[in-house]
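Take a look at the structure set out below.
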Amino acid sequence: MDDALGWVNPCSPTTEWDTAQVRRLARRLGYALRWANSASVLGLAEQVEASGAQVVLLSSSAHVDLVTLDRLMSVADVECAAPRASFGRWPALGGVQR
């Protein structure tokens with residue numbers, strides 16, 4: 001079972017609902033779920049890299065801004081629960097992954 005890093009924006013007005021959505025998505029896709037730390041000095045993409053997770057699970061793509069989504073896609077796949085969407089990792093350029 002691969003590891004996934006879950007993320008819910010701490011400013012979300014529906015944190016419990018969003019957390020439940022991410023947990024359900026992890027179960028449905030067969031991932032062992034760990035959570036990113038919203039209080040970390042590292043950004044979300046850096047936490048993903050440091051954790052070695054292959055995928056980031058979000059309740060919605062609205063939980064990250066476009067710059068963060070782009071950075072996430074350079075290091076991992078991104079899966080969203082609602083609406084259900086998958087964003088594949090950017091292909092490595094010249095055989096080197098960022």
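Chain labels follow the order of the structure tokens: the first chain is A, the next B, and so on; residue numbering restarts at 1 in every chain, and ligands are counted from 1 in their shown order.
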(request) Please provide as a VMD selection string all residues within 8 Å of stretch 52-64 of chain A, with the sequence filter that same-chain residues fewer than 2 positions apart are discarded (counting only C-alpha atoms). (result) chain A and resid 2 to 9 12 18 to 19 21 to 22 25 to 26 48 to 50 66 68 to 69 72 75 to 83
Filtered DSSP result for stretch 22-75 of chain A, state strand (DSSP E), as a compact mmCIF listing (two decimals) with N, CA, C and O atoms, in the first residue's frame:
```txt
# COMPACT_ATOMS: atom_id res chain seq x y z
N ALA A 32 -2.45 4.42 2.20
CA ALA A 32 -2.23 4.66 3.63
C ALA A 32 -2.11 6.17 3.78
O ALA A 32 -1.27 6.80 3.11
N LEU A 33 -2.94 6.76 4.59
CA LEU A 33 -3.03 8.22 4.68
C LEU A 33 -2.22 8.77 5.85
O LEU A 33 -2.31 8.30 6.97
N ARG A 34 -1.40 9.76 5.53
CA ARG A 34 -0.72 10.59 6.52
C ARG A 34 -1.15 12.02 6.24
O ARG A 34 -1.56 12.33 5.13
N TRP A 35 -1.03 12.89 7.19
CA TRP A 35 -1.47 14.27 7.03
C TRP A 35 -0.31 15.25 6.97
O TRP A 35 0.65 15.12 7.74
N VAL A 55 1.43 10.61 -3.76
CA VAL A 55 0.16 11.26 -4.11
C VAL A 55 -0.28 12.17 -2.97
O VAL A 55 0.01 11.92 -1.81
N VAL A 56 -0.95 13.27 -3.35
CA VAL A 56 -1.56 14.19 -2.39
C VAL A 56 -3.06 14.07 -2.55
O VAL A 56 -3.58 14.10 -3.67
N LEU A 57 -3.77 13.92 -1.44
CA LEU A 57 -5.22 13.81 -1.47
C LEU A 57 -5.83 15.09 -0.91
O LEU A 57 -5.46 15.54 0.18
N LEU A 58 -6.74 15.67 -1.69
CA LEU A 58 -7.44 16.89 -1.30
C LEU A 58 -8.94 16.63 -1.33
O LEU A 58 -9.41 15.83 -2.15
```
(message) One decimal, in Å: what's the spacing between atom CA of A:Ala45 and atom CA of A:Arg89?
(response)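 Atom CA of A:Ala45 sits 12.1 Å away from atom CA of A:Arg89.
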(request) Tell me, as a count of residues only, which residues lie within 9 Å of A:Asn37, counting only C-alpha atoms; anything in the same chain fewer than 5 positions away does not count. (result) 4
(message) Please compute the atom CA of A:Arg27-atom CA of A:Ala85 distance, one decimal, in Å.
(response)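 Computing the Euclidean distance for atom CA of A:Arg27 and atom CA of A:Ala85 yields 15.9 Å.
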